[in-house]
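Heads up, the thing below is written out as structure tokens.
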Amino acid sequence: MDQDLKDNIMGALEQVIDPELGIDIVNLGLVYDVDMDDAGKTTVTMTLTAMGCPLAGVIVDQVKAALADIPEVKETEVDIVWNPPWTRDKMSRYAKIALGIR
């Protein structure tokens, strides 16, 4: 996958807002990796801010919906991982400022 396509996918993922924190999953640092095979099957490896998050299904559906408009993406799989665990250090400067974290 070329960098332009990856940037396009990450841009689309910025439309997915974490319902608890109100910040998108990219700036929160929840998206660890995006990969695409030759058939256009796209795998988003991500985590959530809390294990057992009741909104996991909602976020997965939103990720799939966000990527549905990208022509190269034929199928989306969301792989939720807990390792490495998410920490506030993974947040962008924007997310920290928006949440008032120093």
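Each chain in the structure tokens gets a letter, A, B, ..., in the order shown, and its residues are numbered from 1; ligands are numbered from 1 in order too.
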
Enumerate the residues of chain A with a DSSP assignment of strand (DSSP E or B), computed from the backbone, and present them as a list in words. Ile17, Asp24, Val31, Tyr32, Asp33, Val34, Asp35, Met36, Lys41, Thr42, Thr43, Val44, Thr45, Met46, Glu75, Thr76, Glu77, Val78, Asp79 and Ile80 of chain A

Those residues you just picked out, can you put them in a file as a compact mmCIF listing (two decimals), in the first residue's frame with all heavy atoms?
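Writing done, so here's selection-v4.txt:
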```
# COMPACT_ATOMS: atom_id res chain seq x y z
N ILE A 17 -15.06 9.00 15.92
CA ILE A 17 -14.88 9.68 17.21
C ILE A 17 -15.11 8.68 18.34
O ILE A 17 -16.09 7.94 18.34
CB ILE A 17 -15.91 10.84 17.34
CG1 ILE A 17 -15.81 11.80 16.15
CG2 ILE A 17 -15.72 11.57 18.67
CD1 ILE A 17 -14.48 12.50 15.98
N ASP A 24 -11.16 11.92 17.92
CA ASP A 24 -11.07 10.82 16.94
C ASP A 24 -10.02 9.79 17.33
O ASP A 24 -9.08 10.08 18.07
CB ASP A 24 -10.81 11.38 15.54
CG ASP A 24 -9.43 11.96 15.40
OD1 ASP A 24 -8.50 11.20 15.11
OD2 ASP A 24 -9.27 13.18 15.60
N VAL A 31 -5.18 3.82 16.76
CA VAL A 31 -4.90 3.06 15.54
C VAL A 31 -3.41 2.75 15.49
O VAL A 31 -2.58 3.65 15.43
CB VAL A 31 -5.32 3.85 14.28
CG1 VAL A 31 -4.98 3.06 13.01
CG2 VAL A 31 -6.81 4.18 14.32
N TYR A 32 -3.08 1.46 15.57
CA TYR A 32 -1.67 1.05 15.58
C TYR A 32 -1.13 0.80 14.19
O TYR A 32 0.01 1.06 13.90
CB TYR A 32 -1.50 -0.21 16.43
CG TYR A 32 -1.68 0.01 17.93
CD1 TYR A 32 -1.86 -1.06 18.78
CD2 TYR A 32 -1.65 1.28 18.49
CE1 TYR A 32 -2.01 -0.88 20.15
CE2 TYR A 32 -1.81 1.47 19.84
CZ TYR A 32 -1.98 0.39 20.68
OH TYR A 32 -2.13 0.58 22.02
N ASP A 33 -1.97 0.23 13.30
CA ASP A 33 -1.48 -0.11 11.97
C ASP A 33 -2.65 -0.27 11.01
O ASP A 33 -3.76 -0.59 11.43
CB ASP A 33 -0.68 -1.42 12.03
CG ASP A 33 0.10 -1.67 10.74
OD1 ASP A 33 0.51 -0.69 10.08
OD2 ASP A 33 0.30 -2.85 10.40
N VAL A 34 -2.37 -0.04 9.73
CA VAL A 34 -3.33 -0.28 8.67
C VAL A 34 -2.60 -1.06 7.60
O VAL A 34 -1.50 -0.69 7.20
CB VAL A 34 -3.86 1.05 8.08
CG1 VAL A 34 -4.78 0.78 6.91
CG2 VAL A 34 -4.59 1.85 9.14
N ASP A 35 -3.21 -2.14 7.15
CA ASP A 35 -2.58 -2.97 6.13
C ASP A 35 -3.62 -3.36 5.09
O ASP A 35 -4.80 -3.47 5.42
CB ASP A 35 -1.98 -4.22 6.79
CG ASP A 35 -0.97 -4.90 5.88
OD1 ASP A 35 -0.22 -4.18 5.19
OD2 ASP A 35 -0.95 -6.13 5.86
N MET A 36 -3.17 -3.54 3.85
CA MET A 36 -4.09 -3.93 2.80
C MET A 36 -3.44 -4.99 1.94
O MET A 36 -2.27 -4.86 1.57
CB MET A 36 -4.45 -2.71 1.94
CG MET A 36 -5.43 -3.04 0.81
SD MET A 36 -5.71 -1.64 -0.30
CE MET A 36 -6.73 -0.59 0.71
N LYS A 41 -8.47 -6.12 0.76
CA LYS A 41 -8.91 -6.39 2.14
C LYS A 41 -8.02 -5.57 3.07
O LYS A 41 -6.81 -5.72 3.07
CB LYS A 41 -8.81 -7.87 2.48
CG LYS A 41 -9.25 -8.16 3.90
CD LYS A 41 -9.19 -9.63 4.24
CE LYS A 41 -9.60 -9.85 5.67
NZ LYS A 41 -9.39 -11.24 6.09
N THR A 42 -8.63 -4.70 3.81
CA THR A 42 -7.91 -3.77 4.67
C THR A 42 -8.08 -4.18 6.12
O THR A 42 -9.20 -4.39 6.58
CB THR A 42 -8.44 -2.34 4.44
OG1 THR A 42 -8.36 -2.06 3.04
CG2 THR A 42 -7.64 -1.32 5.22
N THR A 43 -6.97 -4.29 6.81
CA THR A 43 -7.00 -4.64 8.23
C THR A 43 -6.54 -3.44 9.05
O THR A 43 -5.44 -2.93 8.84
CB THR A 43 -6.09 -5.85 8.51
OG1 THR A 43 -6.51 -6.94 7.68
CG2 THR A 43 -6.19 -6.28 9.97
N VAL A 44 -7.40 -3.00 9.94
CA VAL A 44 -7.06 -1.90 10.85
C VAL A 44 -6.76 -2.54 12.20
O VAL A 44 -7.63 -3.15 12.82
CB VAL A 44 -8.23 -0.90 10.98
CG1 VAL A 44 -7.88 0.21 11.97
CG2 VAL A 44 -8.59 -0.32 9.62
N THR A 45 -5.50 -2.42 12.64
CA THR A 45 -5.12 -2.92 13.95
C THR A 45 -5.21 -1.74 14.92
O THR A 45 -4.55 -0.72 14.72
CB THR A 45 -3.70 -3.50 13.93
OG1 THR A 45 -3.65 -4.53 12.93
CG2 THR A 45 -3.32 -4.08 15.28
N MET A 46 -6.05 -1.90 15.92
CA MET A 46 -6.27 -0.78 16.85
C MET A 46 -6.56 -1.32 18.24
O MET A 46 -6.73 -2.52 18.43
CB MET A 46 -7.42 0.09 16.35
CG MET A 46 -8.76 -0.62 16.29
SD MET A 46 -10.13 0.52 15.89
CE MET A 46 -10.21 1.50 17.38
N GLU A 75 -12.85 -4.56 1.48
CA GLU A 75 -13.36 -5.21 2.69
C GLU A 75 -12.54 -4.67 3.85
O GLU A 75 -11.36 -4.41 3.71
CB GLU A 75 -13.14 -6.73 2.54
CG GLU A 75 -13.65 -7.55 3.69
CD GLU A 75 -13.25 -9.02 3.56
OE1 GLU A 75 -12.89 -9.46 2.46
OE2 GLU A 75 -13.28 -9.71 4.59
N THR A 76 -13.18 -4.49 4.99
CA THR A 76 -12.47 -3.98 6.16
C THR A 76 -12.59 -4.95 7.32
O THR A 76 -13.69 -5.40 7.63
CB THR A 76 -13.02 -2.60 6.60
OG1 THR A 76 -12.94 -1.70 5.50
CG2 THR A 76 -12.23 -2.04 7.77
N GLU A 77 -11.45 -5.26 7.91
CA GLU A 77 -11.44 -6.08 9.12
C GLU A 77 -10.80 -5.22 10.21
O GLU A 77 -9.78 -4.58 9.99
CB GLU A 77 -10.60 -7.33 8.88
CG GLU A 77 -10.58 -8.26 10.07
CD GLU A 77 -9.83 -9.55 9.75
OE1 GLU A 77 -10.20 -10.24 8.79
OE2 GLU A 77 -8.84 -9.82 10.46
N VAL A 78 -11.42 -5.21 11.38
CA VAL A 78 -10.88 -4.45 12.49
C VAL A 78 -10.37 -5.45 13.53
O VAL A 78 -11.12 -6.27 14.03
CB VAL A 78 -11.94 -3.52 13.11
CG1 VAL A 78 -11.36 -2.72 14.27
CG2 VAL A 78 -12.50 -2.59 12.04
N ASP A 79 -9.07 -5.35 13.78
CA ASP A 79 -8.42 -6.25 14.72
C ASP A 79 -8.13 -5.48 15.99
O ASP A 79 -7.27 -4.59 16.01
CB ASP A 79 -7.13 -6.78 14.08
CG ASP A 79 -6.46 -7.85 14.91
OD1 ASP A 79 -7.11 -8.38 15.83
OD2 ASP A 79 -5.28 -8.16 14.64
N ILE A 80 -8.90 -5.76 17.04
CA ILE A 80 -8.70 -5.04 18.31
C ILE A 80 -7.69 -5.81 19.15
O ILE A 80 -7.88 -6.99 19.41
CB ILE A 80 -10.03 -4.84 19.03
CG1 ILE A 80 -10.90 -3.92 18.17
CG2 ILE A 80 -9.80 -4.27 20.43
CD1 ILE A 80 -12.16 -3.43 18.79
```

Would you please work out which residue, of A:Trp86, A:Leu13, A:Gly29, A:Tyr94, is nearest to Lys64 of chain A when using only C-alpha atoms?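 The closest residue to Lys64 of chain A is A:Leu13.
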
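Nearest-residue note for Met91 of chain A: choosing from A:Leu28, A:Val73, A:Val16, A:Leu67, the minimum distance belongs to A:Leu28, counting only C-alpha atoms.
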
Residues near Lys74 of chain A, anyone? I mean within 9 Å using only C-alpha atoms, not counting same-chain ones fewer than 3 positions away, as JSON, numbers by chain. {"A": [39, 40, 41, 42, 68, 70, 71]}

Okay, now the selection with N, CA, C and O atoms, as a PDB file, in the first residue's frame?
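The file below, again.pdb, is the result:
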```
ATOM      1  N   ALA A  39      -6.027  -7.887  -2.744  1.00  0.00           N
ATOM      2  CA  ALA A  39      -7.449  -7.938  -3.081  1.00  0.00           C
ATOM      3  C   ALA A  39      -8.228  -6.747  -2.505  1.00  0.00           C
ATOM      4  O   ALA A  39      -9.429  -6.631  -2.703  1.00  0.00           O
ATOM      5  N   GLY A  40      -7.539  -5.873  -1.776  1.00  0.00           N
ATOM      6  CA  GLY A  40      -8.210  -4.710  -1.195  1.00  0.00           C
ATOM      7  C   GLY A  40      -8.783  -4.958   0.183  1.00  0.00           C
ATOM      8  O   GLY A  40      -9.510  -4.134   0.719  1.00  0.00           O
ATOM      9  N   LYS A  41      -8.466  -6.125   0.764  1.00  0.00           N
ATOM     10  CA  LYS A  41      -8.910  -6.385   2.144  1.00  0.00           C
ATOM     11  C   LYS A  41      -8.020  -5.571   3.074  1.00  0.00           C
ATOM     12  O   LYS A  41      -6.805  -5.724   3.074  1.00  0.00           O
ATOM     13  N   THR A  42      -8.634  -4.695   3.813  1.00  0.00           N
ATOM     14  CA  THR A  42      -7.906  -3.770   4.667  1.00  0.00           C
ATOM     15  C   THR A  42      -8.084  -4.176   6.120  1.00  0.00           C
ATOM     16  O   THR A  42      -9.201  -4.394   6.579  1.00  0.00           O
ATOM     17  N   ALA A  68     -15.565   2.717   3.907  1.00  0.00           N
ATOM     18  CA  ALA A  68     -16.419   2.244   2.815  1.00  0.00           C
ATOM     19  C   ALA A  68     -16.357   3.157   1.593  1.00  0.00           C
ATOM     20  O   ALA A  68     -16.576   2.707   0.471  1.00  0.00           O
ATOM     21  N   ILE A  70     -13.716   4.662   0.387  1.00  0.00           N
ATOM     22  CA  ILE A  70     -12.414   4.636  -0.299  1.00  0.00           C
ATOM     23  C   ILE A  70     -12.447   3.500  -1.320  1.00  0.00           C
ATOM     24  O   ILE A  70     -12.610   2.340  -0.945  1.00  0.00           O
ATOM     25  N   PRO A  71     -12.323   3.842  -2.616  1.00  0.00           N
ATOM     26  CA  PRO A  71     -12.512   2.824  -3.673  1.00  0.00           C
ATOM     27  C   PRO A  71     -11.569   1.626  -3.567  1.00  0.00           C
ATOM     28  O   PRO A  71     -11.973   0.502  -3.872  1.00  0.00           O
TER      29      PRO A  71
END
```

Please measure the separation of atom CA of Asp37 of chain A and atom CA of Glu72 of chain A, giving the value in Å to one decimal.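 The value is 10.4 Å.
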
Given the choices A:Ala65, A:Leu5, A:Ala50, A:Ile59, which gets closest to Ile25 of chain A if the distance is worked out from only C-alpha atoms?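 Going through A:Ala65, A:Leu5, A:Ala50, A:Ile59 one by one, the smallest distance to Ile25 of chain A is for A:Ile59.
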
Skipping near chain neighbours, those fewer than 4 positions away, what residues fall within 10 Å of Pro85 of chain A using only C-alpha atoms, listed as a PyMOL selection string? chain A and resi 30+47-51+81+90

Convert the current residue selection to file output with all heavy atoms, as a PDB file, in the first residue's frame.
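Result saved to part-v8.pdb:
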```pdb
ATOM      1  N   LEU A  30      -5.192   5.394  19.008  1.00  0.00           N
ATOM      2  CA  LEU A  30      -5.775   4.059  19.126  1.00  0.00           C
ATOM      3  C   LEU A  30      -5.489   3.189  17.902  1.00  0.00           C
ATOM      4  O   LEU A  30      -5.578   1.973  17.976  1.00  0.00           O
ATOM      5  CB  LEU A  30      -7.291   4.155  19.334  1.00  0.00           C
ATOM      6  CG  LEU A  30      -7.745   4.877  20.607  1.00  0.00           C
ATOM      7  CD1 LEU A  30      -9.268   4.968  20.658  1.00  0.00           C
ATOM      8  CD2 LEU A  30      -7.206   4.190  21.843  1.00  0.00           C
ATOM      9  N   THR A  47      -6.611  -0.402  19.169  1.00  0.00           N
ATOM     10  CA  THR A  47      -6.973  -0.753  20.530  1.00  0.00           C
ATOM     11  C   THR A  47      -8.086   0.169  20.980  1.00  0.00           C
ATOM     12  O   THR A  47      -8.565   1.004  20.204  1.00  0.00           O
ATOM     13  CB  THR A  47      -5.741  -0.662  21.461  1.00  0.00           C
ATOM     14  OG1 THR A  47      -6.059  -1.291  22.701  1.00  0.00           O
ATOM     15  CG2 THR A  47      -5.289   0.769  21.694  1.00  0.00           C
ATOM     16  N   LEU A  48      -8.505   0.024  22.202  1.00  0.00           N
ATOM     17  CA  LEU A  48      -9.522   0.895  22.786  1.00  0.00           C
ATOM     18  C   LEU A  48      -8.948   1.471  24.076  1.00  0.00           C
ATOM     19  O   LEU A  48      -7.979   0.943  24.618  1.00  0.00           O
ATOM     20  CB  LEU A  48     -10.795   0.099  23.078  1.00  0.00           C
ATOM     21  CG  LEU A  48     -11.458  -0.527  21.833  1.00  0.00           C
ATOM     22  CD1 LEU A  48     -12.529  -1.519  22.244  1.00  0.00           C
ATOM     23  CD2 LEU A  48     -12.030   0.535  20.934  1.00  0.00           C
ATOM     24  N   THR A  49      -9.559   2.538  24.560  1.00  0.00           N
ATOM     25  CA  THR A  49      -9.015   3.181  25.762  1.00  0.00           C
ATOM     26  C   THR A  49      -9.208   2.312  26.994  1.00  0.00           C
ATOM     27  O   THR A  49      -8.453   2.442  27.948  1.00  0.00           O
ATOM     28  CB  THR A  49      -9.669   4.553  25.999  1.00  0.00           C
ATOM     29  OG1 THR A  49     -11.083   4.378  26.018  1.00  0.00           O
ATOM     30  CG2 THR A  49      -9.274   5.535  24.922  1.00  0.00           C
ATOM     31  N   ALA A  50     -10.190   1.409  26.964  1.00  0.00           N
ATOM     32  CA  ALA A  50     -10.427   0.552  28.121  1.00  0.00           C
ATOM     33  C   ALA A  50     -10.840  -0.842  27.665  1.00  0.00           C
ATOM     34  O   ALA A  50     -11.658  -0.976  26.764  1.00  0.00           O
ATOM     35  CB  ALA A  50     -11.512   1.151  29.010  1.00  0.00           C
ATOM     36  N   MET A  51     -10.275  -1.847  28.289  1.00  0.00           N
ATOM     37  CA  MET A  51     -10.654  -3.217  27.987  1.00  0.00           C
ATOM     38  C   MET A  51     -12.111  -3.416  28.401  1.00  0.00           C
ATOM     39  O   MET A  51     -12.551  -2.881  29.413  1.00  0.00           O
ATOM     40  CB  MET A  51      -9.737  -4.183  28.737  1.00  0.00           C
ATOM     41  CG  MET A  51      -9.763  -5.580  28.169  1.00  0.00           C
ATOM     42  SD  MET A  51      -8.599  -6.685  28.998  1.00  0.00           S
ATOM     43  CE  MET A  51      -7.049  -6.143  28.313  1.00  0.00           C
ATOM     44  N   VAL A  81      -6.618  -5.139  19.504  1.00  0.00           N
ATOM     45  CA  VAL A  81      -5.543  -5.764  20.279  1.00  0.00           C
ATOM     46  C   VAL A  81      -5.382  -5.020  21.606  1.00  0.00           C
ATOM     47  O   VAL A  81      -5.754  -3.858  21.728  1.00  0.00           O
ATOM     48  CB  VAL A  81      -4.206  -5.748  19.487  1.00  0.00           C
ATOM     49  CG1 VAL A  81      -4.331  -6.564  18.211  1.00  0.00           C
ATOM     50  CG2 VAL A  81      -3.754  -4.336  19.166  1.00  0.00           C
ATOM     51  N   LYS A  90       0.325   7.931  23.814  1.00  0.00           N
ATOM     52  CA  LYS A  90       0.065   7.682  22.394  1.00  0.00           C
ATOM     53  C   LYS A  90      -0.798   8.779  21.759  1.00  0.00           C
ATOM     54  O   LYS A  90      -0.947   8.845  20.554  1.00  0.00           O
ATOM     55  CB  LYS A  90      -0.612   6.319  22.216  1.00  0.00           C
ATOM     56  CG  LYS A  90       0.265   5.158  22.659  1.00  0.00           C
ATOM     57  CD  LYS A  90      -0.354   3.827  22.306  1.00  0.00           C
ATOM     58  CE  LYS A  90       0.384   2.619  22.818  1.00  0.00           C
ATOM     59  NZ  LYS A  90       1.806   2.666  22.881  1.00  0.00           N
TER      60      LYS A  90
END
```

DSSP alpha helix (DSSP H) residues within chain A, listed as a CSV table (one decimal) with N, CA, C and O atoms, in the first residue's frame:
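Here's the written file part_32.csv:
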```csv
chain,number,residue,atom,x,y,z
A,3,GLN,N,2.0,5.3,0.3
A,3,GLN,CA,1.8,6.3,1.4
A,3,GLN,C,0.5,7.1,1.2
A,3,GLN,O,-0.2,7.4,2.2
A,4,ASP,N,0.2,7.5,0.0
A,4,ASP,CA,-1.0,8.3,-0.3
A,4,ASP,C,-2.2,7.6,0.2
A,4,ASP,O,-3.1,8.2,0.8
A,5,LEU,N,-2.3,6.3,-0.2
A,5,LEU,CA,-3.5,5.5,0.2
A,5,LEU,C,-3.6,5.4,1.7
A,5,LEU,O,-4.6,5.5,2.3
A,6,LYS,N,-2.4,5.1,2.3
A,6,LYS,CA,-2.4,5.0,3.8
A,6,LYS,C,-2.9,6.3,4.4
A,6,LYS,O,-3.6,6.3,5.4
A,7,ASP,N,-2.4,7.5,3.9
A,7,ASP,CA,-2.8,8.8,4.4
A,7,ASP,C,-4.3,9.0,4.3
A,7,ASP,O,-4.9,9.5,5.1
A,8,ASN,N,-4.8,8.5,3.1
A,8,ASN,CA,-6.2,8.7,2.8
A,8,ASN,C,-7.0,7.9,3.8
A,8,ASN,O,-8.0,8.3,4.3
A,9,ILE,N,-6.6,6.6,4.1
A,9,ILE,CA,-7.3,5.8,5.1
A,9,ILE,C,-7.2,6.4,6.5
A,9,ILE,O,-8.2,6.5,7.2
A,10,MET,N,-6.0,6.9,6.9
A,10,MET,CA,-5.9,7.5,8.2
A,10,MET,C,-6.8,8.7,8.3
A,10,MET,O,-7.4,9.0,9.3
A,11,GLY,N,-6.9,9.5,7.2
A,11,GLY,CA,-7.7,10.7,7.2
A,11,GLY,C,-9.2,10.3,7.4
A,11,GLY,O,-9.9,10.9,8.1
A,12,ALA,N,-9.6,9.2,6.7
A,12,ALA,CA,-11.0,8.7,6.9
A,12,ALA,C,-11.2,8.2,8.3
A,12,ALA,O,-12.3,8.5,8.9
A,13,LEU,N,-10.2,7.6,8.9
A,13,LEU,CA,-10.3,7.1,10.3
A,13,LEU,C,-10.4,8.3,11.3
A,13,LEU,O,-10.9,8.1,12.4
A,56,ALA,N,-17.3,-1.0,21.9
A,56,ALA,CA,-16.3,-1.5,20.9
A,56,ALA,C,-17.0,-1.8,19.6
A,56,ALA,O,-16.5,-1.5,18.5
A,57,GLY,N,-18.2,-2.4,19.7
A,57,GLY,CA,-19.0,-2.7,18.4
A,57,GLY,C,-19.3,-1.5,17.6
A,57,GLY,O,-19.3,-1.5,16.4
A,58,VAL,N,-19.7,-0.4,18.3
A,58,VAL,CA,-20.0,0.8,17.7
A,58,VAL,C,-18.8,1.4,16.9
A,58,VAL,O,-18.9,1.8,15.8
A,59,ILE,N,-17.7,1.4,17.6
A,59,ILE,CA,-16.4,1.9,17.0
A,59,ILE,C,-16.0,1.1,15.8
A,59,ILE,O,-15.7,1.6,14.8
A,60,VAL,N,-16.1,-0.3,15.9
A,60,VAL,CA,-15.8,-1.1,14.8
A,60,VAL,C,-16.7,-0.8,13.6
A,60,VAL,O,-16.2,-0.7,12.5
A,61,ASP,N,-18.0,-0.7,13.8
A,61,ASP,CA,-18.9,-0.3,12.7
A,61,ASP,C,-18.6,1.0,12.1
A,61,ASP,O,-18.7,1.2,10.9
A,62,GLN,N,-18.2,2.0,13.0
A,62,GLN,CA,-17.8,3.3,12.4
A,62,GLN,C,-16.5,3.3,11.6
A,62,GLN,O,-16.4,4.0,10.6
A,63,VAL,N,-15.6,2.4,12.0
A,63,VAL,CA,-14.3,2.3,11.2
A,63,VAL,C,-14.7,1.7,9.9
A,63,VAL,O,-14.2,2.2,8.8
A,64,LYS,N,-15.5,0.7,9.8
A,64,LYS,CA,-15.9,0.1,8.6
A,64,LYS,C,-16.6,1.1,7.7
A,64,LYS,O,-16.4,1.2,6.5
A,65,ALA,N,-17.5,1.9,8.3
A,65,ALA,CA,-18.3,2.9,7.5
A,65,ALA,C,-17.4,3.9,7.0
A,65,ALA,O,-17.5,4.4,5.8
A,66,ALA,N,-16.4,4.4,7.8
A,66,ALA,CA,-15.5,5.4,7.4
A,66,ALA,C,-14.6,5.0,6.2
A,66,ALA,O,-14.3,5.8,5.3
A,67,LEU,N,-14.3,3.7,6.1
A,67,LEU,CA,-13.4,3.2,5.0
A,67,LEU,C,-14.2,2.8,3.8
A,67,LEU,O,-13.7,2.6,2.7
A,93,ARG,N,-0.6,15.7,20.2
A,93,ARG,CA,-0.6,17.0,21.0
A,93,ARG,C,-2.1,17.6,20.9
A,93,ARG,O,-2.6,18.1,21.9
A,94,TYR,N,-2.7,17.5,19.8
A,94,TYR,CA,-4.1,18.0,19.6
A,94,TYR,C,-5.0,17.4,20.6
A,94,TYR,O,-5.8,18.0,21.3
A,95,ALA,N,-5.0,16.0,20.7
A,95,ALA,CA,-5.9,15.3,21.7
A,95,ALA,C,-5.6,15.7,23.1
A,95,ALA,O,-6.5,15.9,23.9
A,96,LYS,N,-4.3,15.8,23.5
A,96,LYS,CA,-4.0,16.2,24.8
A,96,LYS,C,-4.5,17.6,25.2
A,96,LYS,O,-5.1,17.8,26.2
A,97,ILE,N,-4.3,18.5,24.2
A,97,ILE,CA,-4.8,19.9,24.5
A,97,ILE,C,-6.3,19.9,24.6
A,97,ILE,O,-6.9,20.5,25.5
A,98,ALA,N,-7.0,19.1,23.7
A,98,ALA,CA,-8.5,19.1,23.7
A,98,ALA,C,-9.0,18.5,25.0
A,98,ALA,O,-10.1,18.9,25.5
A,99,LEU,N,-8.3,17.6,25.6
A,99,LEU,CA,-8.7,17.0,26.8
A,99,LEU,C,-8.1,17.6,28.1
A,99,LEU,O,-8.4,17.2,29.2
```

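For the choices A:Glu14, A:Glu20, A:Asp69, A:Asp38, the atom-to-atom distance to Pro54 of chain A is smallest for A:Glu20 when using only C-alpha atoms.
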
Rounded to one decimal in Å, what is the spacing between atom CA of Ser92 of chain A and atom CA of Leu21 of chain A?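 Separating atom CA of Ser92 of chain A from atom CA of Leu21 of chain A is a distance of 13.6 Å.
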